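S.K.: Sharing target04.cif here; it has mmCIF, C-alpha atoms.
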```
data_query
#
loop_
_atom_site.group_PDB
_atom_site.id
_atom_site.type_symbol
_atom_site.label_atom_id
_atom_site.label_comp_id
_atom_site.auth_asym_id
_atom_site.auth_seq_id
_atom_site.Cartn_x
_atom_site.Cartn_y
_atom_site.Cartn_z
ATOM 1 C CA MET A 320 -24.390 -8.288 24.281
ATOM 2 C CA SER A 321 -21.731 -5.857 23.024
ATOM 3 C CA GLU A 322 -18.942 -6.766 20.673
ATOM 4 C CA ARG A 323 -15.380 -6.435 21.840
ATOM 5 C CA GLU A 324 -13.508 -3.402 20.510
ATOM 6 C CA PRO A 325 -11.010 -4.361 17.798
ATOM 7 C CA VAL A 326 -7.372 -4.246 18.898
ATOM 8 C CA LEU A 327 -5.135 -2.418 16.416
ATOM 9 C CA GLU A 328 -1.362 -2.703 16.656
ATOM 10 C CA LEU A 329 0.797 -0.544 14.393
ATOM 11 C CA GLY A 330 4.533 -0.971 13.974
ATOM 12 C CA PRO A 331 7.476 -1.394 11.647
ATOM 13 C CA PHE A 332 7.674 -4.615 9.680
ATOM 14 C CA VAL A 333 9.960 -7.200 11.305
ATOM 15 C CA GLN A 334 11.777 -9.958 9.404
ATOM 16 C CA GLU A 335 10.318 -12.660 11.658
ATOM 17 C CA LYS A 336 6.900 -11.932 10.115
ATOM 18 C CA LEU A 337 7.965 -12.699 6.525
ATOM 19 C CA ASP A 338 5.653 -15.733 6.252
ATOM 20 C CA GLU A 339 2.689 -13.662 7.455
ATOM 21 C CA LEU A 340 3.599 -10.940 4.961
ATOM 22 C CA GLU A 341 3.677 -13.463 2.108
ATOM 23 C CA GLU A 342 0.223 -14.770 3.093
ATOM 24 C CA PHE A 343 -1.147 -11.225 3.403
ATOM 25 C CA LEU A 344 0.204 -10.249 -0.030
ATOM 26 C CA ALA A 345 -1.235 -13.423 -1.575
ATOM 27 C CA GLU A 346 -4.674 -12.553 -0.191
ATOM 28 C CA ILE A 347 -4.421 -8.945 -1.377
ATOM 29 C CA SER A 348 -3.255 -10.174 -4.799
ATOM 30 C CA GLY A 349 -6.408 -12.271 -5.075
ATOM 31 C CA GLU A 350 -8.520 -9.166 -4.447
ATOM 32 C CA LEU A 351 -6.495 -7.044 -6.890
ATOM 33 C CA ALA A 352 -6.681 -9.616 -9.672
ATOM 34 C CA LEU A 353 -10.454 -9.119 -9.799
ATOM 35 C CA ARG A 354 -10.233 -5.350 -10.299
ATOM 36 C CA ARG A 355 -9.778 -3.442 -13.539
ATOM 37 C CA GLY A 356 -6.047 -2.846 -13.955
ATOM 38 C CA GLY A 357 -5.271 -5.238 -11.115
ATOM 39 C CA THR A 358 -3.402 -7.849 -13.142
ATOM 40 C CA GLN A 359 -1.154 -5.170 -14.660
ATOM 41 C CA LEU A 360 -0.351 -3.751 -11.232
ATOM 42 C CA LEU A 361 0.331 -7.243 -9.922
ATOM 43 C CA GLY A 362 2.650 -7.823 -12.875
ATOM 44 C CA GLU A 363 4.575 -4.678 -11.991
ATOM 45 C CA LEU A 364 4.814 -5.598 -8.301
ATOM 46 C CA GLY A 365 5.686 -9.259 -8.828
ATOM 47 C CA HIS A 366 4.611 -12.520 -7.230
ATOM 48 C CA PRO A 367 3.611 -12.156 -3.536
ATOM 49 C CA VAL A 368 6.643 -14.166 -2.328
ATOM 50 C CA GLU A 369 9.050 -12.087 -4.432
ATOM 51 C CA LEU A 370 7.324 -8.870 -3.370
ATOM 52 C CA ALA A 371 7.481 -9.831 0.308
ATOM 53 C CA ARG A 372 11.212 -10.445 0.020
ATOM 54 C CA LYS A 373 11.722 -7.165 -1.841
ATOM 55 C CA ILE A 374 9.848 -5.338 0.924
ATOM 56 C CA ALA A 375 11.798 -7.159 3.646
ATOM 57 C CA LEU A 376 15.126 -6.234 2.034
ATOM 58 C CA SER A 377 14.296 -2.594 1.307
ATOM 59 C CA GLY A 378 16.861 -0.107 2.543
ATOM 60 C CA GLU A 379 16.947 2.966 4.716
ATOM 61 C CA ASP A 380 15.167 5.125 2.132
ATOM 62 C CA SER A 381 12.074 2.982 2.506
ATOM 63 C CA PHE A 382 9.268 2.736 5.016
ATOM 64 C CA THR A 383 7.369 -0.438 5.859
ATOM 65 C CA TYR A 384 4.697 -0.533 8.540
ATOM 66 C CA THR A 385 2.053 -3.108 9.288
ATOM 67 C CA VAL A 386 -1.146 -3.120 11.274
ATOM 68 C CA THR A 387 -2.582 -6.144 12.971
ATOM 69 C CA LEU A 388 -6.248 -6.242 13.827
ATOM 70 C CA ASN A 389 -6.933 -8.686 16.642
ATOM 71 C CA ASN A 390 -3.487 -10.257 16.046
ATOM 72 C CA VAL A 391 -4.055 -10.776 12.292
ATOM 73 C CA LEU A 392 -1.874 -8.916 9.784
ATOM 74 C CA SER A 393 -4.518 -6.708 8.208
ATOM 75 C CA GLY A 394 -2.729 -3.739 6.666
ATOM 76 C CA LEU A 395 0.568 -2.813 5.060
ATOM 77 C CA ILE A 396 2.178 0.315 3.724
ATOM 78 C CA TRP A 397 5.481 0.179 1.860
ATOM 79 C CA ALA A 398 6.967 3.413 0.621
ATOM 80 C CA LYS A 399 10.293 4.389 -0.858
ATOM 81 C CA ILE A 400 11.989 7.626 -1.750
ATOM 82 C CA MET A 401 12.667 8.020 -5.458
ATOM 83 C CA MET A 402 12.627 10.433 -8.366
ATOM 84 C CA ASN A 403 9.271 10.519 -10.151
ATOM 85 C CA GLU A 404 8.614 11.068 -13.856
ATOM 86 C CA PHE A 405 8.423 14.827 -13.238
ATOM 87 C CA GLY A 406 11.942 14.915 -11.758
ATOM 88 C CA ASP A 407 10.754 15.429 -8.178
ATOM 89 C CA ARG A 408 12.204 13.570 -5.178
ATOM 90 C CA VAL A 409 9.083 11.956 -3.743
ATOM 91 C CA CYS A 410 7.899 9.321 -1.331
ATOM 92 C CA TYR A 411 6.308 6.775 -3.662
ATOM 93 C CA VAL A 412 3.939 4.195 -2.195
ATOM 94 C CA PRO A 413 3.960 1.006 -4.308
ATOM 95 C CA VAL A 414 1.943 -0.975 -1.735
ATOM 96 C CA PHE A 415 -0.814 0.329 0.510
ATOM 97 C CA ALA A 416 -3.257 -2.451 1.288
ATOM 98 C CA VAL A 417 -5.872 -3.282 3.878
ATOM 99 C CA LEU A 418 -7.726 -6.587 3.977
ATOM 100 C CA LYS A 419 -11.380 -6.258 3.064
ATOM 101 C CA ASP A 420 -12.562 -7.481 6.488
ATOM 102 C CA ALA A 421 -10.356 -4.904 8.256
ATOM 103 C CA ARG A 422 -11.632 -1.850 6.409
ATOM 104 C CA ARG A 423 -13.591 0.727 8.389
ATOM 105 C CA HIS A 424 -11.553 0.040 11.541
ATOM 106 C CA GLY A 425 -8.987 2.827 11.041
ATOM 107 C CA VAL A 426 -6.237 0.570 9.673
ATOM 108 C CA GLY A 427 -5.585 2.735 6.608
ATOM 109 C CA ARG A 428 -5.713 5.927 8.639
ATOM 110 C CA GLU A 429 -3.132 4.564 11.111
ATOM 111 C CA LEU A 430 -0.797 3.469 8.322
ATOM 112 C CA PHE A 431 -1.045 6.759 6.461
ATOM 113 C CA SER A 432 -0.499 8.789 9.624
ATOM 114 C CA ALA A 433 2.680 6.821 10.370
ATOM 115 C CA LEU A 434 3.856 7.438 6.800
ATOM 116 C CA GLU A 435 3.251 11.178 7.136
ATOM 117 C CA ASP A 436 5.304 11.238 10.354
ATOM 118 C CA TRP A 437 8.181 9.459 8.576
ATOM 119 C CA VAL A 438 7.971 11.687 5.485
ATOM 120 C CA ALA A 439 8.221 14.792 7.688
ATOM 121 C CA THR A 440 11.801 13.724 8.499
ATOM 122 C CA LYS A 441 12.786 13.266 4.826
ATOM 123 C CA ASP A 442 13.742 15.690 2.091
ATOM 124 C CA VAL A 443 10.890 14.972 -0.320
ATOM 125 C CA SER A 444 8.424 17.174 -2.145
ATOM 126 C CA ALA A 445 5.382 14.889 -2.072
ATOM 127 C CA ILE A 446 3.772 11.536 -1.366
ATOM 128 C CA GLU A 447 2.579 9.673 -4.456
ATOM 129 C CA PHE A 448 0.274 6.645 -4.837
ATOM 130 C CA THR A 449 -0.955 4.565 -7.744
ATOM 131 C CA THR A 450 -4.627 3.659 -7.604
ATOM 132 C CA LEU A 451 -6.520 1.353 -9.902
ATOM 133 C CA PRO A 452 -9.055 2.751 -12.368
ATOM 134 C CA GLY A 453 -12.481 2.824 -10.810
ATOM 135 C CA ASP A 454 -11.147 2.262 -7.274
ATOM 136 C CA ARG A 455 -13.203 5.063 -5.771
ATOM 137 C CA HIS A 456 -12.543 3.910 -2.200
ATOM 138 C CA THR A 457 -8.763 4.344 -2.524
ATOM 139 C CA LYS A 458 -9.141 7.549 -4.566
ATOM 140 C CA ASN A 459 -11.455 9.008 -1.923
ATOM 141 C CA PHE A 460 -9.081 7.915 0.858
ATOM 142 C CA CYS A 461 -6.148 9.592 -0.903
ATOM 143 C CA GLU A 462 -8.102 12.790 -1.508
ATOM 144 C CA SER A 463 -9.291 12.897 2.102
ATOM 145 C CA ASN A 464 -5.620 12.809 3.108
ATOM 146 C CA GLY A 465 -4.617 15.699 0.857
ATOM 147 C CA LEU A 466 -3.426 13.867 -2.272
ATOM 148 C CA ILE A 467 -4.612 15.014 -5.707
ATOM 149 C CA ALA A 468 -4.386 13.297 -9.100
ATOM 150 C CA ARG A 469 -1.505 14.531 -11.261
ATOM 151 C CA SER A 470 -1.751 12.026 -14.065
ATOM 152 C CA LEU A 471 -3.685 9.009 -15.234
ATOM 153 C CA LYS A 472 -2.274 6.173 -17.322
ATOM 154 C CA MET A 473 -4.663 5.259 -20.096
ATOM 155 C CA HIS A 474 -4.337 1.988 -22.027
ATOM 156 C CA LYS A 475 -5.744 0.404 -25.172
ATOM 157 C CA ALA A 476 -4.581 -3.075 -26.107
ATOM 158 C CA ILE A 477 -3.760 -3.629 -29.776
ATOM 159 C CA ARG A 478 -4.687 -7.083 -31.036
ATOM 160 C CA GLY A 479 -1.744 -9.252 -31.953
ATOM 161 C CA ARG A 480 0.727 -7.291 -29.874
#
```
Rewrite the structure from the file as structure tokens, please.
M.R.:
Amino acid sequence: MSEREPVLELGPFVQEKLDELEEFLAEISGELALRRGGTQLLGELGHPVELARKIALSGEDSFTYTVTLNNVLSGLIWAKIMMNEFGDRVCYVPVFAVLKDARRHGVGRELFSALEDWVATKDVSAIEFTTLPGDRHTKNFCESNGLIARSLKMHKAIRGR
């Protein structure tokens, strides 16, 4: 007996899917919280409900696409054009997430390809991501799509501060 081929649907985020987006971000947040550096990144991004609303209200200099896998929201990419710390106008990707069960089905590849198509129409010098320390899967994905590391943030907590 053969398994049915997964059905991927890629498209721009629509406001009517805000509840689904909140649930997706909550699930992704649970995964991130378990990774080294995850709680700091979550702190920067904000609570899943707040983040979903921020994504939903982002303007014309932003890009938000989702992928459903068998009618379940399984991947999200949210990018925005900004100036980076080097003074370059870049497409920065604060959120690029694929549910664990949806990995290895081309969800990330579809999202990144759509981002590259959008970026080609913008006046930016690069695409930039933040990856968590030790997240080899995301690092390898980025490198396989032509991104290279330009900096790493290192951190040492000081007791009492």
S.K.: Exactly which residues make up the result of the PyMOL selection byres ((chain A and resi 450) around 10) on this file, given as a PyMOL selection string?
M.R.: chain A and resi 356-357+360+413-415+447-449+451-458+461+468+471
S.K.: Have a look at A:Ala371, A:Leu361, A:Val409, A:Ile396 and name the one nearest to Val426 of chain A; count all atoms listed in the file.
M.R.: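 So, comparing all the options, the nearest one is A:Ile396.
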S.K.: Using only C-alpha atoms, which residues sit within 8 Å of Phe343 of chain A once same-chain residues fewer than 3 positions away are excluded, as a PyMOL selection string?
M.R.: chain A and resi 339-340+346-347+392-393
S.K.: Go through the shown structure with the PyMOL selection byres ((chain A and resi 387) around 12) and write out the matching residues as JSON, numbers by chain.
M.R.: {"A": [325, 326, 327, 328, 329, 330, 331, 332, 336, 339, 340, 343, 384, 385, 386, 388, 389, 390, 391, 392, 393, 394, 395, 417, 418, 420, 421, 422, 424, 425, 426, 427, 429, 430]}
S.K.: Give me the box for segment 449-452 of chain A as JSON, namely the centre and edge lengths in Å to one decimal of a box along x, y and z that holds every listed atom plus 8 Å on each side.
M.R.:
```
{"center_x": -5.0, "center_y": 3.0, "center_z": -10.0, "size_x": 24.1, "size_y": 19.2, "size_z": 20.8}
```
S.K.: May I ask for the distance between atom CA of Val333 of chain A and atom CA of Ala375 of chain A, given in Å to one decimal place?
M.R.: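 Calculated distance between atom CA of Val333 of chain A and atom CA of Ala375 of chain A is 7.9 Å.
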S.K.: Of the candidates A:Asn403, A:Asn459, A:Ala433, A:Asp338, which one gets nearest to Thr383 of chain A if we count all atoms listed in the file?
M.R.: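 Closest residue, counting all atoms listed in the file: A:Ala433.
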S.K.: Between A:Leu434, A:Ala352, A:Val412, A:Met401, which residue has the minimum interatomic distance to Ile374 of chain A, considering all atoms listed in the file?
M.R.: A:Val412
S.K.: Find the distance between atom CA of Val443 of chain A and atom CA of Lys472 of chain A and write it in Å to one decimal.
M.R.: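 So the two atoms, atom CA of Val443 of chain A and atom CA of Lys472 of chain A, lie 23.2 Å apart.
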S.K.: If I take atom CA of Arg408 of chain A and atom CA of Leu351 of chain A, how far is one from the other in Å, to one decimal?
M.R.: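 So the two atoms, atom CA of Arg408 of chain A and atom CA of Leu351 of chain A, lie 27.9 Å apart.
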S.K.: Once the PyMOL selection byres ((chain A and resi 398) around 6) has been applied to the shown file, what residues remain in the selection, as a PyMOL selection string?
M.R.: chain A and resi 381-382+397+399+411-412
S.K.: I'd like to know which of A:Leu344, A:Ile446, A:Ala439, A:Met402 is closest to Glu462 of chain A, using only C-alpha atoms.
M.R.: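 Looking only at the distances to Glu462 of chain A, the closest residue turns out to be A:Ile446.
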